[in-house]
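Participant: Sharing data-v4.pdb here; it has PDB, N, CA and C atoms, pLDDT in the B column.
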ATOM      1  N   MET A 255     -18.794  -4.324  -2.187  1.00 48.00           N
ATOM      2  CA  MET A 255     -17.642  -4.042  -1.322  1.00 48.00           C
ATOM      3  C   MET A 255     -18.149  -3.409  -0.025  1.00 48.00           C
ATOM      4  N   PRO A 256     -17.770  -3.944   1.132  1.00 51.00           N
ATOM      5  CA  PRO A 256     -18.198  -3.345   2.403  1.00 51.00           C
ATOM      6  C   PRO A 256     -17.738  -1.903   2.512  1.00 51.00           C
ATOM      7  N   SER A 257     -18.475  -1.090   3.260  1.00 46.00           N
ATOM      8  CA  SER A 257     -18.162   0.345   3.352  1.00 46.00           C
ATOM      9  C   SER A 257     -16.783   0.588   3.951  1.00 46.00           C
ATOM     10  N   ASP A 258     -16.329  -0.252   4.913  1.00 49.00           N
ATOM     11  CA  ASP A 258     -14.999  -0.074   5.495  1.00 49.00           C
ATOM     12  C   ASP A 258     -13.917  -0.240   4.436  1.00 49.00           C
ATOM     13  N   ASP A 259     -14.078  -1.240   3.542  1.00 48.00           N
ATOM     14  CA  ASP A 259     -13.107  -1.450   2.474  1.00 48.00           C
ATOM     15  C   ASP A 259     -13.095  -0.267   1.511  1.00 48.00           C
ATOM     16  N   ARG A 260     -14.265   0.264   1.202  1.00 47.00           N
ATOM     17  CA  ARG A 260     -14.354   1.395   0.285  1.00 47.00           C
ATOM     18  C   ARG A 260     -13.638   2.607   0.889  1.00 47.00           C
ATOM     19  N   ASN A 261     -13.808   2.862   2.195  1.00 49.00           N
ATOM     20  CA  ASN A 261     -13.152   3.984   2.854  1.00 49.00           C
ATOM     21  C   ASN A 261     -11.636   3.830   2.819  1.00 49.00           C
ATOM     22  N   VAL A 262     -11.138   2.614   3.038  1.00 54.00           N
ATOM     23  CA  VAL A 262      -9.700   2.369   2.977  1.00 54.00           C
ATOM     24  C   VAL A 262      -9.182   2.652   1.579  1.00 54.00           C
ATOM     25  N   MET A 263      -9.891   2.168   0.567  1.00 55.00           N
ATOM     26  CA  MET A 263      -9.453   2.352  -0.814  1.00 55.00           C
ATOM     27  C   MET A 263      -9.430   3.834  -1.192  1.00 55.00           C
ATOM     28  N   GLU A 264     -10.360   4.629  -0.684  1.00 61.00           N
ATOM     29  CA  GLU A 264     -10.381   6.057  -0.994  1.00 61.00           C
ATOM     30  C   GLU A 264      -9.151   6.757  -0.422  1.00 61.00           C
ATOM     31  N   LEU A 265      -8.631   6.288   0.699  1.00 66.00           N
ATOM     32  CA  LEU A 265      -7.455   6.900   1.311  1.00 66.00           C
ATOM     33  C   LEU A 265      -6.171   6.527   0.581  1.00 66.00           C
ATOM     34  N   LEU A 266      -6.173   5.393  -0.098  1.00 79.00           N
ATOM     35  CA  LEU A 266      -4.969   4.902  -0.752  1.00 79.00           C
ATOM     36  C   LEU A 266      -4.927   5.370  -2.200  1.00 79.00           C
ATOM     37  N   GLN A 267      -4.347   6.526  -2.409  1.00 88.00           N
ATOM     38  CA  GLN A 267      -4.261   7.121  -3.741  1.00 88.00           C
ATOM     39  C   GLN A 267      -2.882   6.864  -4.348  1.00 88.00           C
ATOM     40  N   PRO A 268      -2.811   6.564  -5.663  1.00 92.00           N
ATOM     41  CA  PRO A 268      -1.513   6.367  -6.302  1.00 92.00           C
ATOM     42  C   PRO A 268      -0.581   7.546  -6.031  1.00 92.00           C
ATOM     43  N   GLY A 269       0.668   7.218  -5.720  1.00 92.00           N
ATOM     44  CA  GLY A 269       1.661   8.239  -5.416  1.00 92.00           C
ATOM     45  C   GLY A 269       1.773   8.548  -3.935  1.00 92.00           C
ATOM     46  N   SER A 270       0.766   8.146  -3.142  1.00 92.00           N
ATOM     47  CA  SER A 270       0.826   8.388  -1.699  1.00 92.00           C
ATOM     48  C   SER A 270       1.761   7.369  -1.049  1.00 92.00           C
ATOM     49  N   PHE A 271       2.093   7.627   0.195  1.00 94.00           N
ATOM     50  CA  PHE A 271       2.976   6.725   0.920  1.00 94.00           C
ATOM     51  C   PHE A 271       2.179   5.964   1.961  1.00 94.00           C
ATOM     52  N   VAL A 272       2.488   4.684   2.090  1.00 94.00           N
ATOM     53  CA  VAL A 272       1.766   3.783   2.977  1.00 94.00           C
ATOM     54  C   VAL A 272       2.760   2.942   3.773  1.00 94.00           C
ATOM     55  N   LYS A 273       2.254   2.379   4.853  1.00 95.00           N
ATOM     56  CA  LYS A 273       3.038   1.435   5.650  1.00 95.00           C
ATOM     57  C   LYS A 273       2.247   0.150   5.771  1.00 95.00           C
ATOM     58  N   LEU A 274       2.959  -0.928   5.971  1.00 94.00           N
ATOM     59  CA  LEU A 274       2.324  -2.207   6.264  1.00 94.00           C
ATOM     60  C   LEU A 274       1.919  -2.207   7.725  1.00 94.00           C
ATOM     61  N   ARG A 275       0.841  -2.877   8.039  1.00 92.00           N
ATOM     62  CA  ARG A 275       0.488  -3.040   9.450  1.00 92.00           C
ATOM     63  C   ARG A 275       1.627  -3.803  10.113  1.00 92.00           C
ATOM     64  N   ASN A 276       2.031  -3.374  11.285  1.00 92.00           N
ATOM     65  CA  ASN A 276       3.152  -3.974  12.024  1.00 92.00           C
ATOM     66  C   ASN A 276       4.500  -3.805  11.317  1.00 92.00           C
ATOM     67  N   GLN A 277       4.633  -2.787  10.469  1.00 94.00           N
ATOM     68  CA  GLN A 277       5.905  -2.530   9.785  1.00 94.00           C
ATOM     69  C   GLN A 277       6.935  -2.021  10.783  1.00 94.00           C
ATOM     70  N   PRO A 278       8.177  -2.544  10.737  1.00 94.00           N
ATOM     71  CA  PRO A 278       9.217  -2.048  11.647  1.00 94.00           C
ATOM     72  C   PRO A 278       9.470  -0.556  11.431  1.00 94.00           C
ATOM     73  N   ASP A 279       9.796   0.148  12.502  1.00 92.00           N
ATOM     74  CA  ASP A 279      10.019   1.592  12.433  1.00 92.00           C
ATOM     75  C   ASP A 279      11.214   1.966  11.553  1.00 92.00           C
ATOM     76  N   ASP A 280      12.186   1.065  11.414  1.00 94.00           N
ATOM     77  CA  ASP A 280      13.374   1.395  10.634  1.00 94.00           C
ATOM     78  C   ASP A 280      13.194   1.168   9.132  1.00 94.00           C
ATOM     79  N   LEU A 281      12.040   0.683   8.698  1.00 93.00           N
ATOM     80  CA  LEU A 281      11.744   0.496   7.280  1.00 93.00           C
ATOM     81  C   LEU A 281      10.944   1.698   6.787  1.00 93.00           C
ATOM     82  N   PRO A 282      11.430   2.398   5.764  1.00 95.00           N
ATOM     83  CA  PRO A 282      10.697   3.582   5.294  1.00 95.00           C
ATOM     84  C   PRO A 282       9.355   3.209   4.662  1.00 95.00           C
ATOM     85  N   PRO A 283       8.450   4.188   4.561  1.00 95.00           N
ATOM     86  CA  PRO A 283       7.149   3.929   3.930  1.00 95.00           C
ATOM     87  C   PRO A 283       7.312   3.481   2.479  1.00 95.00           C
ATOM     88  N   PHE A 284       6.302   2.776   1.999  1.00 95.00           N
ATOM     89  CA  PHE A 284       6.247   2.346   0.609  1.00 95.00           C
ATOM     90  C   PHE A 284       5.466   3.378  -0.196  1.00 95.00           C
ATOM     91  N   GLN A 285       5.807   3.517  -1.462  1.00 95.00           N
ATOM     92  CA  GLN A 285       5.028   4.369  -2.352  1.00 95.00           C
ATOM     93  C   GLN A 285       3.980   3.504  -3.035  1.00 95.00           C
ATOM     94  N   LEU A 286       2.732   3.956  -3.020  1.00 95.00           N
ATOM     95  CA  LEU A 286       1.635   3.215  -3.625  1.00 95.00           C
ATOM     96  C   LEU A 286       1.615   3.448  -5.131  1.00 95.00           C
ATOM     97  N   ILE A 287       1.623   2.359  -5.889  1.00 94.00           N
ATOM     98  CA  ILE A 287       1.564   2.452  -7.352  1.00 94.00           C
ATOM     99  C   ILE A 287       0.107   2.448  -7.812  1.00 94.00           C
ATOM    100  N   GLN A 288      -0.657   1.424  -7.387  1.00 94.00           N
ATOM    101  CA  GLN A 288      -2.080   1.336  -7.740  1.00 94.00           C
ATOM    102  C   GLN A 288      -2.761   0.298  -6.874  1.00 94.00           C
ATOM    103  N   CYS A 289      -4.095   0.371  -6.817  1.00 92.00           N
ATOM    104  CA  CYS A 289      -4.906  -0.637  -6.139  1.00 92.00           C
ATOM    105  C   CYS A 289      -6.003  -1.081  -7.094  1.00 92.00           C
ATOM    106  N   GLN A 290      -6.282  -2.387  -7.055  1.00 92.00           N
ATOM    107  CA  GLN A 290      -7.351  -2.924  -7.886  1.00 92.00           C
ATOM    108  C   GLN A 290      -7.801  -4.251  -7.293  1.00 92.00           C
ATOM    109  N   GLY A 291      -9.103  -4.412  -7.127  1.00 89.00           N
ATOM    110  CA  GLY A 291      -9.648  -5.673  -6.664  1.00 89.00           C
ATOM    111  C   GLY A 291      -9.131  -6.146  -5.317  1.00 89.00           C
ATOM    112  N   GLY A 292      -8.915  -5.223  -4.386  1.00 90.00           N
ATOM    113  CA  GLY A 292      -8.455  -5.604  -3.056  1.00 90.00           C
ATOM    114  C   GLY A 292      -6.955  -5.834  -2.956  1.00 90.00           C
ATOM    115  N   ARG A 293      -6.235  -5.626  -4.031  1.00 94.00           N
ATOM    116  CA  ARG A 293      -4.785  -5.784  -4.056  1.00 94.00           C
ATOM    117  C   ARG A 293      -4.151  -4.437  -4.389  1.00 94.00           C
ATOM    118  N   CYS A 294      -2.988  -4.187  -3.820  1.00 95.00           N
ATOM    119  CA  CYS A 294      -2.254  -2.956  -4.107  1.00 95.00           C
ATOM    120  C   CYS A 294      -0.823  -3.297  -4.481  1.00 95.00           C
ATOM    121  N   TRP A 295      -0.248  -2.480  -5.342  1.00 96.00           N
ATOM    122  CA  TRP A 295       1.145  -2.622  -5.732  1.00 96.00           C
ATOM    123  C   TRP A 295       1.912  -1.447  -5.147  1.00 96.00           C
ATOM    124  N   VAL A 296       2.973  -1.768  -4.409  1.00 96.00           N
ATOM    125  CA  VAL A 296       3.784  -0.758  -3.742  1.00 96.00           C
ATOM    126  C   VAL A 296       5.245  -0.967  -4.114  1.00 96.00           C
ATOM    127  N   ARG A 297       6.049   0.050  -3.798  1.00 96.00           N
ATOM    128  CA  ARG A 297       7.487  -0.069  -4.035  1.00 96.00           C
ATOM    129  C   ARG A 297       8.231   0.799  -3.039  1.00 96.00           C
ATOM    130  N   GLN A 298       9.463   0.462  -2.826  1.00 94.00           N
ATOM    131  CA  GLN A 298      10.381   1.311  -2.072  1.00 94.00           C
ATOM    132  C   GLN A 298      11.102   2.178  -3.095  1.00 94.00           C
ATOM    133  N   GLN A 299      11.346   3.434  -2.786  1.00 87.00           N
ATOM    134  CA  GLN A 299      12.016   4.320  -3.732  1.00 87.00           C
ATOM    135  C   GLN A 299      13.387   3.782  -4.105  1.00 87.00           C
ATOM    136  N   ALA A 300      14.059   3.127  -3.178  1.00 89.00           N
ATOM    137  CA  ALA A 300      15.398   2.594  -3.441  1.00 89.00           C
ATOM    138  C   ALA A 300      15.368   1.392  -4.390  1.00 89.00           C
ATOM    139  N   TRP A 301      14.203   0.787  -4.609  1.00 86.00           N
ATOM    140  CA  TRP A 301      14.105  -0.389  -5.464  1.00 86.00           C
ATOM    141  C   TRP A 301      14.159  -0.043  -6.947  1.00 86.00           C
ATOM    142  N   GLY A 302      13.919   1.203  -7.306  1.00 84.00           N
ATOM    143  CA  GLY A 302      13.818   1.556  -8.718  1.00 84.00           C
ATOM    144  C   GLY A 302      12.383   1.374  -9.191  1.00 84.00           C
ATOM    145  N   GLY A 303      12.096   1.891 -10.369  1.00 81.00           N
ATOM    146  CA  GLY A 303      10.727   1.911 -10.873  1.00 81.00           C
ATOM    147  C   GLY A 303      10.188   0.588 -11.377  1.00 81.00           C
ATOM    148  N   LEU A 304      11.046  -0.391 -11.612  1.00 88.00           N
ATOM    149  CA  LEU A 304      10.585  -1.646 -12.196  1.00 88.00           C
ATOM    150  C   LEU A 304      10.275  -2.736 -11.176  1.00 88.00           C
ATOM    151  N   VAL A 305      10.591  -2.516  -9.918  1.00 93.00           N
ATOM    152  CA  VAL A 305      10.360  -3.515  -8.879  1.00 93.00           C
ATOM    153  C   VAL A 305       9.157  -3.084  -8.043  1.00 93.00           C
ATOM    154  N   GLN A 306       8.134  -3.936  -8.016  1.00 95.00           N
ATOM    155  CA  GLN A 306       6.918  -3.659  -7.261  1.00 95.00           C
ATOM    156  C   GLN A 306       6.545  -4.886  -6.441  1.00 95.00           C
ATOM    157  N   TRP A 307       5.791  -4.669  -5.379  1.00 94.00           N
ATOM    158  CA  TRP A 307       5.359  -5.737  -4.499  1.00 94.00           C
ATOM    159  C   TRP A 307       3.841  -5.672  -4.401  1.00 94.00           C
ATOM    160  N   GLU A 308       3.168  -6.799  -4.576  1.00 96.00           N
ATOM    161  CA  GLU A 308       1.713  -6.881  -4.496  1.00 96.00           C
ATOM    162  C   GLU A 308       1.307  -7.303  -3.086  1.00 96.00           C
ATOM    163  N   VAL A 309       0.422  -6.521  -2.460  1.00 96.00           N
ATOM    164  CA  VAL A 309      -0.053  -6.821  -1.110  1.00 96.00           C
ATOM    165  C   VAL A 309      -1.561  -6.597  -1.036  1.00 96.00           C
ATOM    166  N   GLU A 310      -2.203  -7.229  -0.067  1.00 95.00           N
ATOM    167  CA  GLU A 310      -3.629  -6.981   0.174  1.00 95.00           C
ATOM    168  C   GLU A 310      -3.794  -5.568   0.717  1.00 95.00           C
ATOM    169  N   HIS A 311      -4.821  -4.858   0.248  1.00 90.00           N
ATOM    170  CA  HIS A 311      -5.012  -3.478   0.699  1.00 90.00           C
ATOM    171  C   HIS A 311      -5.275  -3.413   2.199  1.00 90.00           C
ATOM    172  N   ARG A 312      -5.820  -4.468   2.777  1.00 92.00           N
ATOM    173  CA  ARG A 312      -6.105  -4.470   4.226  1.00 92.00           C
ATOM    174  C   ARG A 312      -4.833  -4.481   5.073  1.00 92.00           C
ATOM    175  N   LYS A 313      -3.713  -4.792   4.464  1.00 94.00           N
ATOM    176  CA  LYS A 313      -2.443  -4.817   5.197  1.00 94.00           C
ATOM    177  C   LYS A 313      -1.738  -3.465   5.169  1.00 94.00           C
ATOM    178  N   LEU A 314      -2.355  -2.470   4.524  1.00 93.00           N
ATOM    179  CA  LEU A 314      -1.731  -1.153   4.372  1.00 93.00           C
ATOM    180  C   LEU A 314      -2.439  -0.102   5.212  1.00 93.00           C
ATOM    181  N   THR A 315      -1.661   0.878   5.675  1.00 90.00           N
ATOM    182  CA  THR A 315      -2.226   2.048   6.342  1.00 90.00           C
ATOM    183  C   THR A 315      -1.620   3.285   5.694  1.00 90.00           C
ATOM    184  N   ALA A 316      -2.396   4.326   5.574  1.00 88.00           N
ATOM    185  CA  ALA A 316      -1.912   5.580   4.993  1.00 88.00           C
ATOM    186  C   ALA A 316      -0.957   6.262   5.959  1.00 88.00           C
ATOM    187  N   VAL A 317       0.069   6.894   5.409  1.00 88.00           N
ATOM    188  CA  VAL A 317       1.009   7.660   6.222  1.00 88.00           C
ATOM    189  C   VAL A 317       0.495   9.081   6.312  1.00 88.00           C
ATOM    190  N   ALA A 318       0.372   9.596   7.525  1.00 70.00           N
ATOM    191  CA  ALA A 318      -0.161  10.958   7.722  1.00 70.00           C
ATOM    192  C   ALA A 318       0.878  12.002   7.374  1.00 70.00           C
TER     193      ALA A 318
END
For the file at hand, write its structure as C-alpha coordinates.

Facilitator:
Amino acid sequence: MPSDDRNVMELLQPGSFVKLRNQPDDLPPFQLIQCQGGRCWVRQQAWGGLVQWEVEHRKLTAVA
(Lines of atoms letter the chains of each structure in order from A and count residues from 1; the text may use other names and numbers.)
(Lines give C-alpha, C1' and ligand atoms only; values in the text may rest on other atoms or scores of the structure.)
Protein backbone atom coordinates (compact mmCIF):
# COMPACT_ATOMS: atom_id res chain seq x y z
CA MET A 1 0.00 0.00 0.00
CA PRO A 2 1.49 3.40 -0.94
CA SER A 3 2.37 5.63 2.02
CA ASP A 4 -0.26 8.25 1.03
CA ASP A 5 -3.00 5.59 1.18
CA ARG A 6 -1.76 4.37 4.56
CA ASN A 7 -1.85 7.95 5.96
CA VAL A 8 -5.43 8.41 4.73
CA MET A 9 -6.51 5.12 6.29
CA GLU A 10 -4.96 6.09 9.65
CA LEU A 11 -7.08 9.26 9.72
CA LEU A 12 -10.30 7.38 8.97
CA GLN A 13 -11.22 5.76 12.27
CA PRO A 14 -14.56 3.99 12.86
CA GLY A 15 -17.04 6.35 14.47
CA SER A 16 -15.39 9.46 13.01
CA PHE A 17 -17.18 11.76 10.61
CA VAL A 18 -16.12 12.14 6.99
CA LYS A 19 -17.19 13.99 3.87
CA LEU A 20 -17.07 12.97 0.25
CA ARG A 21 -14.76 14.97 -1.97
CA ASN A 22 -16.91 17.64 -3.64
CA GLN A 23 -19.77 16.97 -1.18
CA PRO A 24 -22.43 19.72 -1.23
CA ASP A 25 -22.34 22.00 1.83
CA ASP A 26 -25.98 21.27 2.67
CA LEU A 27 -25.34 17.51 3.09
CA PRO A 28 -24.19 16.61 6.62
CA PRO A 29 -21.03 14.55 7.19
CA PHE A 30 -21.21 10.76 7.04
CA GLN A 31 -20.32 8.56 9.99
CA LEU A 32 -17.57 6.06 9.17
CA ILE A 33 -18.48 2.45 10.00
CA GLN A 34 -15.29 0.68 8.84
CA CYS A 35 -12.60 0.57 6.15
CA GLN A 36 -11.09 -2.52 4.58
CA GLY A 37 -9.14 -3.10 1.39
CA GLY A 38 -9.47 0.45 0.07
CA ARG A 39 -13.23 0.52 0.63
CA CYS A 40 -15.13 2.24 3.44
CA TRP A 41 -18.68 1.88 4.69
CA VAL A 42 -20.41 5.07 5.79
CA ARG A 43 -23.88 6.10 6.86
CA GLN A 44 -25.95 9.16 7.55
CA GLN A 45 -27.31 9.27 11.10
CA ALA A 46 -30.81 9.83 9.70
CA TRP A 47 -30.59 6.57 7.71
CA GLY A 48 -30.67 4.33 10.79
CA GLY A 49 -28.12 1.70 11.73
CA LEU A 50 -28.96 -0.84 9.03
CA VAL A 51 -28.36 1.33 5.96
CA GLN A 52 -24.74 1.75 4.87
CA TRP A 53 -23.03 2.98 1.72
CA GLU A 54 -19.75 1.54 0.37
CA VAL A 55 -17.30 4.06 -1.12
CA GLU A 56 -13.63 4.14 -2.09
CA HIS A 57 -11.52 5.53 0.76
CA ARG A 58 -9.88 7.97 -1.68
CA LYS A 59 -13.24 9.72 -2.09
CA LEU A 60 -13.41 10.56 1.64
CA THR A 61 -11.89 13.36 3.70
CA ALA A 62 -11.82 13.57 7.48
CA VAL A 63 -13.95 16.25 9.12
CA ALA A 64 -11.87 18.48 11.40

Participant: Taking the file above as input, evaluate the PyMOL selection byres ((chain A and resi 289-294) around 6.5) and report the hits as JSON, numbers by chain.

Facilitator: {"A": [268, 287, 288, 295, 296, 307, 308, 309, 310, 311, 312]}

Participant: Generate a file of the selected residues that holds N, CA and C atoms, formatted as a tab-separated table (two decimals), in the coordinates of the input.

Facilitator:
chain	number	residue	atom	x	y	z
A	268	PRO	N	-2.81	6.56	-5.66
A	268	PRO	CA	-1.51	6.37	-6.30
A	268	PRO	C	-0.58	7.55	-6.03
A	287	ILE	N	1.62	2.36	-5.89
A	287	ILE	CA	1.56	2.45	-7.35
A	287	ILE	C	0.11	2.45	-7.81
A	288	GLN	N	-0.66	1.42	-7.39
A	288	GLN	CA	-2.08	1.34	-7.74
A	288	GLN	C	-2.76	0.30	-6.87
A	295	TRP	N	-0.25	-2.48	-5.34
A	295	TRP	CA	1.14	-2.62	-5.73
A	295	TRP	C	1.91	-1.45	-5.15
A	296	VAL	N	2.97	-1.77	-4.41
A	296	VAL	CA	3.78	-0.76	-3.74
A	296	VAL	C	5.24	-0.97	-4.11
A	307	TRP	N	5.79	-4.67	-5.38
A	307	TRP	CA	5.36	-5.74	-4.50
A	307	TRP	C	3.84	-5.67	-4.40
A	308	GLU	N	3.17	-6.80	-4.58
A	308	GLU	CA	1.71	-6.88	-4.50
A	308	GLU	C	1.31	-7.30	-3.09
A	309	VAL	N	0.42	-6.52	-2.46
A	309	VAL	CA	-0.05	-6.82	-1.11
A	309	VAL	C	-1.56	-6.60	-1.04
A	310	GLU	N	-2.20	-7.23	-0.07
A	310	GLU	CA	-3.63	-6.98	0.17
A	310	GLU	C	-3.79	-5.57	0.72
A	311	HIS	N	-4.82	-4.86	0.25
A	311	HIS	CA	-5.01	-3.48	0.70
A	311	HIS	C	-5.28	-3.41	2.20
A	312	ARG	N	-5.82	-4.47	2.78
A	312	ARG	CA	-6.10	-4.47	4.23
A	312	ARG	C	-4.83	-4.48	5.07

Participant: Any idea what the distance is between CA of Ala316 in chain A and CA of Phe271 in chain A?

Facilitator: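 About the pair CA of Ala316 in chain A and CA of Phe271 in chain A: they are 6.5 Å apart.
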
Participant: Can you report as AutoDock Vina command-line options the centre and edge lengths in Å, to one decimal, of an axis-aligned box around the listed atoms of range 267-278 of chain A padded with 5 Å on each side?

Facilitator:
--center_x 2.6 --center_y 2.3 --center_z 2.9 --size_x 23.8 --size_y 22.5 --size_z 28.3

Participant: From a DSSP calculation on the backbone, collect every residue of chain A in strand (DSSP E or B) and output the set as a PyMOL selection string.

Facilitator: chain A and resi 271-274+284-290+293-297+307-310+314-316

Participant: Report, in Å with one decimal, the straight-line distance from CA of Arg275 in chain A to CA of Ala300 in chain A.

Facilitator: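 Computing the Euclidean distance for CA of Arg275 in chain A and CA of Ala300 in chain A yields 20.5 Å.
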
Participant: I would like the residues chosen by the PyMOL selection byres (((chain A and resi 276 and name CA) around 10) and name CA) on the shown file; could you give them as a ChimeraX atom specification?

Facilitator: /A:273-275,277-279,313-315

Participant: Using the chain letters and numbers from this file, what does the PyMOL selection byres ((chain A and resi 298) around 8) select? Give the answer as a list in words.

Facilitator: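 With the PyMOL selection byres ((chain A and resi 298) around 8) on this model, the match is Pro282, Pro283, Phe284, Gln285, Leu286, Val296, Arg297, Gln299, Ala300, Trp301, Gly302, Gly303, Val305, Gln306 and Trp307 of chain A.
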
Participant: Rounded to one decimal, what separation in Å do you get between CA of Val272 in chain A and atom N of Val317 in chain A?

Facilitator: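 Separation between CA of Val272 in chain A and atom N of Val317 in chain A: 4.3 Å.
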
Participant: Write out as a list in words the set of residues from chain A that DSSP, computed on the backbone, places in helix (DSSP H, G or I).

Facilitator: Ser257, Asp258, Asp259, Arg260, Asn261, Val262, Met263, Glu264, Leu265, Gln299, Ala300, Trp301, His311, Arg312 and Lys313 of chain A
